[in-house]
file data_21.txt (compact mmCIF, C-alpha atoms)
# COMPACT_ATOMS: atom_id res chain seq x y z
CA MET A 1 -5.81 -45.48 0.77
CA GLY A 2 -6.44 -41.80 0.15
CA TRP A 3 -10.04 -42.13 1.27
CA ILE A 4 -8.91 -43.91 4.45
CA ALA A 5 -6.49 -41.05 5.16
CA VAL A 6 -9.31 -38.51 4.78
CA LYS A 7 -11.61 -40.53 7.07
CA MET A 8 -8.87 -40.73 9.69
CA LEU A 9 -8.28 -36.97 9.40
CA VAL A 10 -11.87 -35.85 9.87
CA GLY A 11 -12.67 -38.62 12.36
CA ASP A 12 -11.32 -36.57 15.27
CA ARG A 13 -13.08 -33.28 14.57
CA ALA A 14 -11.52 -31.40 17.47
CA LYS A 15 -7.95 -32.03 16.29
CA PHE A 16 -8.92 -31.54 12.64
CA LEU A 17 -10.41 -28.12 13.40
CA GLY A 18 -7.43 -27.26 15.62
CA ILE A 19 -4.97 -27.89 12.78
CA VAL A 20 -7.06 -25.90 10.29
CA MET A 21 -7.47 -23.01 12.74
CA GLY A 22 -3.73 -22.86 13.39
CA LEU A 23 -2.94 -22.72 9.69
CA SER A 24 -5.74 -20.23 9.08
CA PHE A 25 -4.34 -17.93 11.77
CA ALA A 26 -0.88 -18.08 10.24
CA SER A 27 -2.24 -17.45 6.74
CA LEU A 28 -4.41 -14.57 7.97
CA LEU A 29 -1.62 -12.85 9.86
CA ILE A 30 0.96 -13.18 7.07
CA THR A 31 -1.46 -11.92 4.40
CA GLN A 32 -2.94 -9.15 6.53
CA GLN A 33 0.35 -7.76 7.80
CA GLY A 34 1.92 -8.09 4.37
CA SER A 35 -1.00 -6.20 2.80
CA ILE A 36 -0.82 -3.40 5.38
CA PHE A 37 2.92 -3.11 4.80
CA CYS A 38 2.47 -2.93 1.01
CA GLY A 39 -0.32 -0.37 1.41
CA LEU A 40 1.82 1.76 3.68
CA MET A 41 4.74 1.66 1.25
CA LEU A 42 2.46 2.70 -1.61
CA ARG A 43 1.33 5.71 0.41
CA THR A 44 4.92 6.91 0.65
CA CYS A 45 4.98 7.35 -3.15
CA GLY A 46 1.29 8.10 -3.67
CA GLN A 47 1.95 11.57 -5.09
CA ILE A 48 4.29 10.09 -7.68
CA THR A 49 1.69 7.63 -8.94
CA ASP A 50 -1.05 10.30 -8.82
CA ILE A 51 0.80 12.50 -11.30
CA THR A 52 0.26 11.05 -14.77
CA GLY A 53 1.28 12.25 -18.21
CA ALA A 54 4.96 12.85 -17.42
CA ASP A 55 7.67 10.23 -17.95
CA LEU A 56 10.49 11.84 -16.00
CA TRP A 57 11.09 13.57 -12.69
CA ILE A 58 14.05 15.96 -12.64
CA MET A 59 15.35 17.05 -9.25
CA ASP A 60 18.40 17.99 -7.24
CA PRO A 61 20.90 15.08 -7.33
CA ALA A 62 20.84 14.86 -3.52
CA VAL A 63 17.08 14.12 -3.35
CA ARG A 64 16.45 10.69 -1.82
CA PHE A 65 12.63 10.43 -1.78
CA ILE A 66 9.54 12.40 -2.77
CA ASP A 67 9.35 14.47 0.43
CA ASP A 68 13.07 15.23 0.45
CA VAL A 69 12.57 18.43 -1.56
CA LYS A 70 15.71 20.41 -2.38
CA PRO A 71 14.66 23.45 -4.44
CA LEU A 72 16.20 24.24 -7.83
CA LEU A 73 16.88 27.47 -9.63
CA GLU A 74 14.10 28.22 -12.12
CA ASN A 75 16.50 28.28 -15.05
CA SER A 76 16.84 24.50 -14.50
CA LEU A 77 13.51 24.20 -16.31
CA TYR A 78 14.94 25.75 -19.48
CA ARG A 79 18.08 23.65 -19.28
CA VAL A 80 15.93 20.50 -19.22
CA ARG A 81 13.85 21.75 -22.15
CA GLY A 82 17.04 22.12 -24.17
CA VAL A 83 18.07 18.46 -23.80
CA GLU A 84 17.64 16.35 -26.92
CA GLY A 85 14.77 13.86 -26.56
CA VAL A 86 12.68 15.99 -24.20
CA ARG A 87 9.30 16.68 -25.77
CA TRP A 88 8.16 19.13 -23.09
CA ALA A 89 9.02 20.03 -19.51
CA VAL A 90 6.94 21.86 -16.89
CA PRO A 91 7.58 23.06 -13.34
CA LEU A 92 6.12 21.49 -10.21
CA TYR A 93 6.11 22.97 -6.74
CA LYS A 94 5.77 20.63 -3.77
CA GLY A 95 6.02 21.86 -0.24
CA GLN A 96 4.36 22.46 3.09
CA ALA A 97 1.96 25.30 3.76
CA ARG A 98 -0.27 26.29 6.65
CA ALA A 99 -4.00 26.60 6.01
CA LYS A 100 -5.96 28.87 8.33
CA ILE A 101 -9.75 28.73 8.28
CA ASN A 102 -11.44 31.69 9.91
CA PRO A 103 -15.06 31.05 11.01
CA VAL A 104 -15.97 34.60 9.99
CA VAL A 105 -15.39 33.88 6.28
CA SER A 106 -15.96 30.11 6.24
CA ARG A 107 -19.28 28.42 6.87
CA GLY A 108 -19.34 25.26 8.95
CA ASN A 109 -16.55 26.08 11.41
CA GLN A 110 -17.11 27.56 14.85
CA LEU A 111 -13.42 27.77 15.76
CA THR A 112 -10.34 28.88 13.87
CA VAL A 113 -8.64 25.84 12.32
CA ILE A 114 -4.93 25.84 11.42
CA GLU A 115 -3.63 22.76 9.57
CA GLN A 116 -0.46 21.83 7.75
CA VAL A 117 -1.15 20.97 4.11
CA VAL A 118 0.83 19.52 1.22
CA LEU A 119 0.82 22.22 -1.46
CA LEU A 120 1.23 21.19 -5.10
CA GLY A 121 1.79 23.96 -7.65
CA LEU A 122 0.99 22.84 -11.21
CA ASP A 123 2.09 24.40 -14.47
CA ASP A 124 -0.23 27.34 -15.21
CA ALA A 125 -0.65 26.57 -18.90
CA THR A 126 -1.01 22.77 -18.96
CA LEU A 127 -1.93 21.81 -15.36
CA VAL A 128 0.21 18.68 -15.75
CA GLY A 129 -0.10 16.65 -12.55
CA ALA A 130 -3.70 17.66 -11.83
CA PRO A 131 -6.19 14.97 -10.74
CA GLN A 132 -7.81 12.99 -13.53
CA ARG A 133 -11.38 13.94 -14.45
CA ASP A 134 -12.81 10.76 -12.94
CA LYS A 135 -11.10 11.66 -9.63
CA ILE A 136 -12.80 15.05 -9.35
CA LEU A 137 -15.78 14.64 -7.03
CA ALA A 138 -17.08 18.22 -7.07
CA GLY A 139 -16.25 21.30 -9.12
CA SER A 140 -14.25 21.48 -12.35
CA LEU A 141 -10.57 21.40 -13.24
CA ARG A 142 -10.86 24.45 -15.51
CA ASP A 143 -11.93 26.52 -12.49
CA LEU A 144 -8.43 26.05 -11.09
CA ARG A 145 -7.37 28.97 -13.32
CA LEU A 146 -9.74 31.33 -11.52
CA PRO A 147 -8.20 33.89 -9.12
CA ASP A 148 -7.08 32.36 -5.80
CA ALA A 149 -8.50 28.94 -6.83
CA VAL A 150 -7.41 25.72 -5.13
CA MET A 151 -8.56 22.10 -5.22
CA VAL A 152 -8.56 20.01 -2.04
CA ASP A 153 -8.48 16.23 -1.63
CA ASN A 154 -11.51 14.65 0.00
CA ALA A 155 -9.70 12.20 2.30
CA ARG A 156 -8.43 14.92 4.67
CA LEU A 157 -11.17 17.48 4.18
CA ALA A 158 -12.54 16.65 7.63
CA LYS A 159 -9.34 18.04 9.18
CA LEU A 160 -10.15 21.46 7.72
CA TYR A 161 -13.86 21.32 8.53
CA PRO A 162 -14.28 19.18 11.66
CA ASP A 163 -17.64 20.78 12.57
CA GLU A 164 -19.40 19.43 9.48
CA ASP A 165 -21.88 16.59 9.87
CA TRP A 166 -19.73 13.92 8.19
CA ASN A 167 -22.33 11.26 8.94
CA GLU A 168 -24.26 12.59 5.95
CA LEU A 169 -21.48 11.64 3.53
CA PRO A 170 -22.54 7.99 2.98
CA LYS A 171 -26.10 9.10 2.29
CA LEU A 172 -25.39 12.06 -0.01
CA GLY A 173 -22.27 10.78 -1.79
CA ASN A 174 -20.46 13.31 -3.99
CA ALA A 175 -23.31 15.81 -3.54
CA PHE A 176 -22.03 16.24 0.01
CA TYR A 177 -18.78 17.74 -1.27
CA ARG A 178 -20.51 20.46 -3.29
CA ARG A 179 -21.26 22.37 -0.10
CA PHE A 180 -17.54 23.12 0.24
CA LEU A 181 -17.25 24.86 -3.11
CA ARG A 182 -16.56 28.61 -2.89
CA ARG A 183 -15.45 28.35 0.71
CA GLN A 184 -12.33 30.30 1.63
CA PHE A 185 -9.28 29.88 3.80
CA GLU A 186 -5.89 31.54 4.09
CA MET A 187 -2.36 30.41 3.29
CA ASN A 188 0.53 32.75 4.01
CA ASP A 189 -1.98 35.62 4.44
CA HIS A 190 -3.36 35.04 0.92
CA ARG A 191 -6.92 34.04 0.17
CA ALA A 192 -7.58 30.53 -1.18
CA LEU A 193 -10.93 29.76 -2.79
CA ILE A 194 -12.03 26.11 -3.00
CA VAL A 195 -13.23 25.39 -6.55
CA GLY A 196 -13.02 21.60 -6.49
CA ILE A 197 -12.86 18.50 -4.32
CA CYS A 198 -10.86 15.59 -5.71
CA GLU A 199 -9.78 12.11 -4.75
CA ALA A 200 -6.06 11.74 -4.06
CA THR A 201 -3.95 8.91 -2.70
CA ARG A 202 -3.61 9.23 1.06
CA THR A 203 -0.16 10.49 1.95
CA PHE A 204 2.27 9.00 4.43
CA GLN A 205 2.19 12.21 6.50
CA THR A 206 -1.66 12.23 6.50
CA ASN A 207 -1.78 15.93 5.59
CA VAL A 208 -4.37 17.59 3.39
CA VAL A 209 -3.31 17.83 -0.27
CA VAL A 210 -4.04 21.17 -1.94
CA TYR A 211 -3.65 21.70 -5.71
CA THR A 212 -3.15 25.14 -7.27
CA THR A 213 -1.16 26.74 -10.09
CA TYR A 214 2.61 27.16 -9.92
CA SER A 215 2.52 30.97 -9.97
CA ARG A 216 -0.06 31.02 -7.17
CA ALA A 217 1.90 28.50 -5.09
CA LYS A 218 4.73 31.07 -4.89
CA ASN A 219 2.42 33.32 -2.89
CA TYR A 220 1.03 30.55 -0.68
CA ALA A 221 4.45 29.15 0.22
CA ALA A 222 7.06 30.70 2.45
CA GLN A 223 9.34 32.93 0.38
CA GLU A 224 12.68 31.42 -0.65
CA ARG A 225 15.27 32.26 -3.25
CA LYS A 226 14.72 28.88 -4.89
CA ILE A 227 11.10 27.83 -5.37
CA LEU A 228 11.18 25.12 -8.06
CA SER A 229 10.83 21.65 -6.47
CA PHE A 230 10.76 19.32 -9.49
CA VAL A 231 10.63 19.43 -13.26
CA LEU A 232 8.19 17.05 -14.95
CA ALA A 233 9.18 16.04 -18.47
CA LYS A 234 7.82 13.98 -21.35
CA THR A 235 10.13 12.13 -23.74
CA GLU A 236 9.85 12.17 -27.50
CA PRO A 237 7.87 9.27 -29.01
CA GLY A 238 10.03 6.21 -29.69
CA LEU A 239 12.66 7.07 -27.07
CA ALA A 240 13.12 5.13 -23.85
CA PRO A 241 12.60 7.34 -20.78
CA GLU A 242 15.61 5.72 -19.09
CA VAL A 243 17.87 6.81 -21.95
CA VAL A 244 16.60 10.40 -21.89
CA ALA A 245 16.94 10.47 -18.09
CA ARG A 246 20.63 9.55 -18.33
CA ARG A 247 21.08 12.17 -21.04
CA ILE A 248 19.50 14.86 -18.83
CA ALA A 249 21.72 13.89 -15.90
CA LEU A 250 24.89 14.06 -18.04
CA THR A 251 23.92 17.32 -19.75
CA THR A 252 22.55 19.32 -16.82
CA GLY A 253 24.09 17.67 -13.76
CA LEU A 254 20.63 17.27 -12.25
CA GLY A 255 19.06 14.08 -10.98
CA ALA A 256 16.63 12.52 -13.47
CA LYS A 257 14.46 9.49 -12.77
CA THR A 258 11.58 7.80 -14.48
CA SER A 259 8.34 7.70 -12.50
CA ASN A 260 8.90 4.02 -11.71
CA GLN A 261 12.51 4.60 -10.63
CA PHE A 262 11.52 7.52 -8.41
CA MET A 263 8.73 5.46 -6.87
CA TRP A 264 11.07 2.62 -5.94
CA MET A 265 13.71 5.07 -4.73
CA THR A 266 11.15 6.49 -2.31
CA ILE A 267 9.99 3.04 -1.16
CA ASN A 268 13.58 1.84 -0.65
CA TYR A 269 14.35 4.91 1.45
CA TYR A 270 11.49 4.18 3.86
CA MET A 271 12.41 0.51 3.99
CA LEU A 272 16.05 1.28 4.71
CA TYR A 273 15.79 4.21 7.12
CA THR A 274 12.63 3.44 9.07
CA GLY A 275 11.60 0.56 11.32
CA ILE A 276 8.48 -0.24 9.30
CA PRO A 277 9.77 -3.45 7.62
CA ILE A 278 11.15 -4.77 10.92
CA ASN A 279 7.90 -4.16 12.79
CA PHE A 280 5.71 -5.83 10.20
CA GLY A 281 8.26 -8.60 9.65
CA ILE A 282 8.26 -9.48 13.35
CA THR A 283 4.45 -9.66 13.39
CA ALA A 284 4.37 -11.90 10.32
CA LEU A 285 7.11 -14.10 11.83
CA LEU A 286 5.12 -14.49 15.04
CA GLY A 287 2.12 -15.60 12.98
CA PHE A 288 4.32 -18.13 11.23
CA LEU A 289 5.74 -19.49 14.50
CA VAL A 290 2.36 -19.66 16.23
CA GLY A 291 0.83 -21.43 13.24
CA THR A 292 3.73 -23.88 13.15
CA ALA A 293 3.45 -24.59 16.88
CA ILE A 294 -0.32 -25.12 16.86
CA ALA A 295 -0.47 -27.16 13.66
CA GLY A 296 2.69 -29.14 14.41
CA GLN A 297 1.69 -30.13 17.93
CA THR A 298 -1.88 -31.01 16.98
CA PHE A 299 -0.84 -32.95 13.87
CA TYR A 300 1.79 -34.90 15.84
CA ASN A 301 -0.74 -35.80 18.55
CA PHE A 302 -3.17 -36.84 15.85
CA THR A 303 -0.56 -39.20 14.36
CA ILE A 304 0.37 -40.68 17.74
CA GLU A 305 -3.28 -41.49 18.48
CA ASN A 306 -3.57 -43.28 15.14
CA LEU A 307 -0.38 -45.36 15.42
CA LYS A 308 -2.40 -48.55 15.84
CA GLN A 309 -4.31 -47.86 12.63
CA PHE A 310 -1.07 -47.21 10.74
CA GLY A 311 0.41 -50.38 12.29
CA ALA A 312 -2.60 -52.38 11.11
CA LEU A 313 -2.17 -51.03 7.56
CA LYS A 314 1.52 -51.99 7.69
CA ALA A 315 0.63 -55.46 8.93
CA MET A 316 -1.73 -55.86 5.95
CA GLY A 317 1.10 -55.02 3.53
CA ALA A 318 1.04 -51.25 3.15
CA THR A 319 4.52 -49.90 2.40
CA ASN A 320 6.20 -47.01 4.17
CA SER A 321 5.87 -44.86 1.06
CA ARG A 322 2.13 -45.49 0.95
CA ILE A 323 1.77 -44.56 4.64
CA VAL A 324 3.88 -41.44 4.15
CA GLY A 325 1.68 -40.54 1.17
CA MET A 326 -1.39 -40.77 3.40
CA ILE A 327 0.15 -38.39 5.96
CA LEU A 328 1.21 -35.94 3.26
CA LEU A 329 -2.31 -36.05 1.79
CA GLN A 330 -3.70 -35.15 5.20
CA ALA A 331 -1.20 -32.28 5.44
CA VAL A 332 -2.18 -31.03 1.96
CA ILE A 333 -5.89 -31.03 2.86
CA VAL A 334 -5.50 -29.06 6.09
CA GLY A 335 -2.97 -26.74 4.42
CA PHE A 336 -5.32 -25.99 1.54
CA LEU A 337 -8.22 -25.32 3.90
CA GLY A 338 -6.13 -23.17 6.26
CA TYR A 339 -4.67 -21.14 3.40
CA GLY A 340 -8.07 -20.53 1.82
CA ILE A 341 -9.74 -19.52 5.07
CA GLY A 342 -6.86 -17.25 6.13
CA VAL A 343 -6.60 -15.44 2.79
CA GLY A 344 -10.38 -15.12 2.64
CA LEU A 345 -10.50 -13.52 6.08
CA ALA A 346 -7.67 -11.16 5.13
CA ALA A 347 -9.55 -10.15 1.96
CA LEU A 348 -12.70 -9.55 4.01
CA PHE A 349 -10.68 -7.42 6.42
CA GLY A 350 -9.37 -5.40 3.47
CA LEU A 351 -12.89 -4.80 2.14
CA LYS A 352 -14.18 -3.69 5.53
CA THR A 353 -11.31 -1.23 6.01
CA ALA A 354 -11.39 0.23 2.49
CA ASN A 355 -11.37 4.05 2.33
CA THR A 356 -10.21 4.33 5.94
CA GLU A 357 -7.00 5.51 7.53
CA LEU A 358 -5.67 1.96 7.42
CA ALA A 359 -3.43 1.29 4.42
CA PHE A 360 -4.25 -2.08 2.83
CA TYR A 361 -3.07 -3.39 -0.54
CA THR A 362 -2.60 -7.04 -1.53
CA PRO A 363 -0.31 -7.53 -4.54
CA TRP A 364 -0.56 -10.87 -6.30
CA GLN A 365 3.01 -11.72 -5.25
CA LEU A 366 1.91 -11.84 -1.61
CA LEU A 367 -0.45 -14.78 -2.22
CA PRO A 368 2.24 -17.27 -3.38
CA ILE A 369 4.47 -16.08 -0.53
CA THR A 370 1.70 -16.92 1.94
CA ALA A 371 1.09 -20.24 0.18
CA ALA A 372 4.81 -21.11 0.40
CA SER A 373 4.77 -20.28 4.12
CA ILE A 374 1.77 -22.57 4.71
CA VAL A 375 3.43 -25.36 2.71
CA PHE A 376 6.56 -24.98 4.83
CA ILE A 377 4.48 -25.12 8.03
CA CYS A 378 2.77 -28.29 6.78
CA ILE A 379 6.14 -29.88 5.97
CA LEU A 380 7.48 -29.07 9.43
CA SER A 381 4.26 -30.29 11.04
CA SER A 382 4.23 -33.63 9.24
CA MET A 383 7.98 -34.30 9.38
CA PHE A 384 8.01 -35.70 12.92
CA SER A 385 4.83 -37.64 12.28
CA VAL A 386 6.36 -39.24 9.18
CA LEU A 387 9.51 -40.26 11.08
CA ARG A 388 7.42 -41.83 13.85
CA VAL A 389 5.33 -43.84 11.39
CA ILE A 390 8.35 -45.03 9.36
CA ARG A 391 9.94 -46.43 12.52
CA LEU A 392 6.67 -48.08 13.56
CA GLU A 393 6.72 -51.86 13.88
CA PRO A 394 3.57 -53.57 12.50
CA ALA A 395 3.54 -55.87 15.52
CA ILE A 396 2.29 -52.97 17.66
CA VAL A 397 -1.22 -53.76 16.50
CA PHE A 398 -1.05 -57.19 18.24
CA ARG A 399 -0.03 -55.87 21.65
call {"tool": "encode", "arguments": {"input": "data_21.txt", "output": "structure tokens"}}
result
Amino acid sequence: MGWIAVKMLVGDRAKFLGIVMGLSFASLLITQQGSIFCGLMLRTCGQITDITGADLWIMDPAVRFIDDVKPLLENSLYRVRGVEGVRWAVPLYKGQARAKINPVVSRGNQLTVIEQVVLLGLDDATLVGAPQRDKILAGSLRDLRLPDAVMVDNARLAKLYPDEDWNELPKLGNAFYRRFLRRQFEMNDHRALIVGICEATRTFQTNVVVYTTYSRAKNYAAQERKILSFVLAKTEPGLAPEVVARRIALTTGLGAKTSNQFMWMTINYYMLYTGIPINFGITALLGFLVGTAIAGQTFYNFTIENLKQFGALKAMGATNSRIVGMILLQAVIVGFLGYGIGVGLAALFGLKTANTELAFYTPWQLLPITAASIVFICILSSMFSVLRVIRLEPAIVFR
């Protein structure tokens, strides 16, 4: 009976392809929009995941997300170092600065360029929070200790040097970035010398990320009484970071979060206070509804046209459960094909848009969610067909 169901399904190729295309469209839209949403949320906390080596982020208790910087007094660093269970603690500056590139001192630019940048000031002694060695595309991390040295991320470098021939990048690879070494620009009327180009996670604000030392960041940033943005800390071996974080909060009165907690705090803020989840949710819902409408209507018409065949099977002794099983088998086949094609197209879309401005990340949890949505569409599509066949009288075949 299963083989008969398959033959009936593929017998009308137009309707068979219509059902598969409807399910593929729904699967594609749900997976694609879900992946873009996940990629965008990861960008909101990209600078948290980029900084490795530290277990804890210590901040003002009123901070709600990574860009909600509320400066601390510098003696907060020593208070954190005095908490039991803290192995080491270092300062981190994070703020906005204005980079000015003068064509007189910088090759490649014909016009003066002024761009907002995200300035990260790392501990002078340890450089905790600096890009990993495999993320440095040109230059060296040790050069960051040279006078006026900075390291710039490659993703936004074109905003600082728009007159460069960026079409050469695919051909030259990392060698292309070496031409930017030793170039200069200004921040807060202080010279900045590029000693390295690195790969950093694209930020939600799409600004250039500039790394330098903490002491140098004080000169590049606008002067304030409080300059310390965060304290990065490492817990003693054998201690849970969550326990030490609570101890720091009770002892110092500061906010203390693990890297994972701070990441989710940032993501939850953007989900709660922005319209991003609603916008992507509406698009995914439209894909679900369109897929349901196309697949349901086509599958129902397919069943109606085959009522005589189902009536003949009933007249020959096939039970309702056997007939229902045939319809469900047909639904499973088209659902499997539609899910596979849709997810495959979404994966292809992700590959084609890699390393572009479009955020795209597909966590494994999104695949079963898409599969559950397709299963639900198939159930809705076959429900009315099943009811029509159950009520079918075998005598219809003799009319």
call {"tool": "atom_distance", "arguments": {"input": "data_21.txt", "atom1": "CA of Ser381 (chain A)", "atom2": "CA of Gln365 (chain A)"}}
result
24.7 Å
call {"tool": "residues_around", "arguments": {"input": "data_21.txt", "residues": "Gln116 (chain A)", "least_positions_apart": "5", "cutoff": "12 Å", "atoms": "all atoms listed in the file", "output": "list in words"}}
result
Gly95, Gln96, Ala97, Arg98, Ala99, Lys100, Ile101, Arg156, Lys159, Leu160, Glu186, Met187, Asn188, Gln205, Thr206, Asn207, Val208, Val209, Val210 and Ala221 of chain A
call {"tool": "closest_residue", "arguments": {"input": "data_21.txt", "among": "A:Val113, A:Met21, A:Ala192, A:Ala26", "to": "Val375 (chain A)", "atoms": "all atoms listed in the file"}}
result
A:Ala26
call {"tool": "atom_distance", "arguments": {"input": "data_21.txt", "atom1": "CA of Lys135 (chain A)", "atom2": "CA of Tyr270 (chain A)"}}
result
27.4 Å
call {"tool": "closest_residue", "arguments": {"input": "data_21.txt", "among": "A:Val80, A:Val343, A:Gln330, A:Gly296", "to": "Pro368 (chain A)", "atoms": "only C-alpha atoms"}}
result
A:Val343
call {"tool": "closest_residue", "arguments": {"input": "data_21.txt", "among": "A:Leu157, A:Ile197, A:Ile19, A:Thr49", "to": "Ser140 (chain A)", "atoms": "all atoms listed in the file"}}
result
A:Ile197
call {"tool": "decode", "arguments": {"input": "data_21.txt", "residues": "region 33-114 of chain A", "atoms": "C-alpha atoms", "output": "compact mmCIF listing (two decimals), in the first residue's frame"}}
result
# COMPACT_ATOMS: atom_id res chain seq x y z
CA GLN A 33 15.24 34.58 9.02
CA GLY A 34 16.05 32.63 12.17
CA SER A 35 19.74 32.49 11.18
CA ILE A 36 19.88 36.22 10.44
CA PHE A 37 18.23 36.94 13.79
CA CYS A 38 20.71 34.71 15.66
CA GLY A 39 23.63 36.28 13.79
CA LEU A 40 22.42 39.77 14.63
CA MET A 41 22.03 38.90 18.32
CA LEU A 42 25.55 37.47 18.40
CA ARG A 43 26.88 40.74 17.00
CA THR A 44 25.42 42.61 19.95
CA CYS A 45 27.75 40.69 22.28
CA GLY A 46 30.62 40.12 19.85
CA GLN A 47 33.11 42.08 21.93
CA ILE A 48 32.32 39.92 24.95
CA THR A 49 33.03 36.69 23.10
CA ASP A 50 36.14 38.19 21.46
CA ILE A 51 37.78 38.82 24.83
CA THR A 52 39.14 35.51 26.08
CA GLY A 53 41.19 34.60 29.14
CA ALA A 54 39.00 36.37 31.71
CA ASP A 55 36.16 34.65 33.57
CA LEU A 56 34.43 37.70 35.02
CA TRP A 57 33.28 41.14 33.95
CA ILE A 58 32.99 43.67 36.78
CA MET A 59 31.02 46.83 36.08
CA ASP A 60 28.72 49.45 37.53
CA PRO A 61 25.58 47.73 38.91
CA ALA A 62 23.37 49.82 36.61
CA VAL A 63 24.99 48.51 33.40
CA ARG A 64 22.44 46.64 31.27
CA PHE A 65 24.45 45.61 28.18
CA ILE A 66 27.96 45.82 26.75
CA ASP A 67 27.54 49.29 25.20
CA ASP A 68 25.85 50.73 28.29
CA VAL A 69 29.17 51.87 29.75
CA LYS A 70 29.02 53.61 33.13
CA PRO A 71 32.60 54.48 34.16
CA LEU A 72 34.07 53.41 37.50
CA LEU A 73 36.62 54.96 39.78
CA GLU A 74 40.05 53.42 39.18
CA ASN A 75 40.33 52.26 42.79
CA SER A 76 37.56 49.75 41.91
CA LEU A 77 40.30 47.69 40.26
CA TYR A 78 42.17 47.31 43.56
CA ARG A 79 38.99 46.52 45.46
CA VAL A 80 38.30 43.65 43.05
CA ARG A 81 41.87 42.39 43.37
CA GLY A 82 41.39 42.18 47.13
CA VAL A 83 38.39 39.83 46.93
CA GLU A 84 39.10 36.24 47.93
CA GLY A 85 39.04 33.90 44.92
CA VAL A 86 40.22 36.47 42.38
CA ARG A 87 43.45 35.30 40.77
CA TRP A 88 44.08 38.52 38.87
CA ALA A 89 42.15 41.55 37.67
CA VAL A 90 42.99 44.05 34.92
CA PRO A 91 41.37 47.25 33.64
CA LEU A 92 39.52 47.59 30.34
CA TYR A 93 38.49 50.80 28.65
CA LYS A 94 35.63 50.71 26.16
CA GLY A 95 34.27 53.82 24.58
CA GLN A 96 33.73 55.89 21.49
CA ALA A 97 36.45 57.94 19.84
CA ARG A 98 36.72 59.93 16.63
CA ALA A 99 39.41 58.94 14.13
CA LYS A 100 40.61 61.62 11.75
CA ILE A 101 42.73 60.63 8.76
CA ASN A 102 44.57 63.50 7.13
CA PRO A 103 45.66 62.85 3.51
CA VAL A 104 48.88 64.75 4.16
CA VAL A 105 50.18 62.12 6.60
CA SER A 106 48.26 59.06 5.36
CA ARG A 107 48.80 57.39 2.01
CA GLY A 108 45.78 56.20 0.07
CA ASN A 109 43.30 58.93 1.02
CA GLN A 110 42.60 62.00 -1.08
CA LEU A 111 40.11 63.54 1.34
CA THR A 112 40.06 63.96 5.10
CA VAL A 113 38.10 61.08 6.67
CA ILE A 114 36.48 61.37 10.11
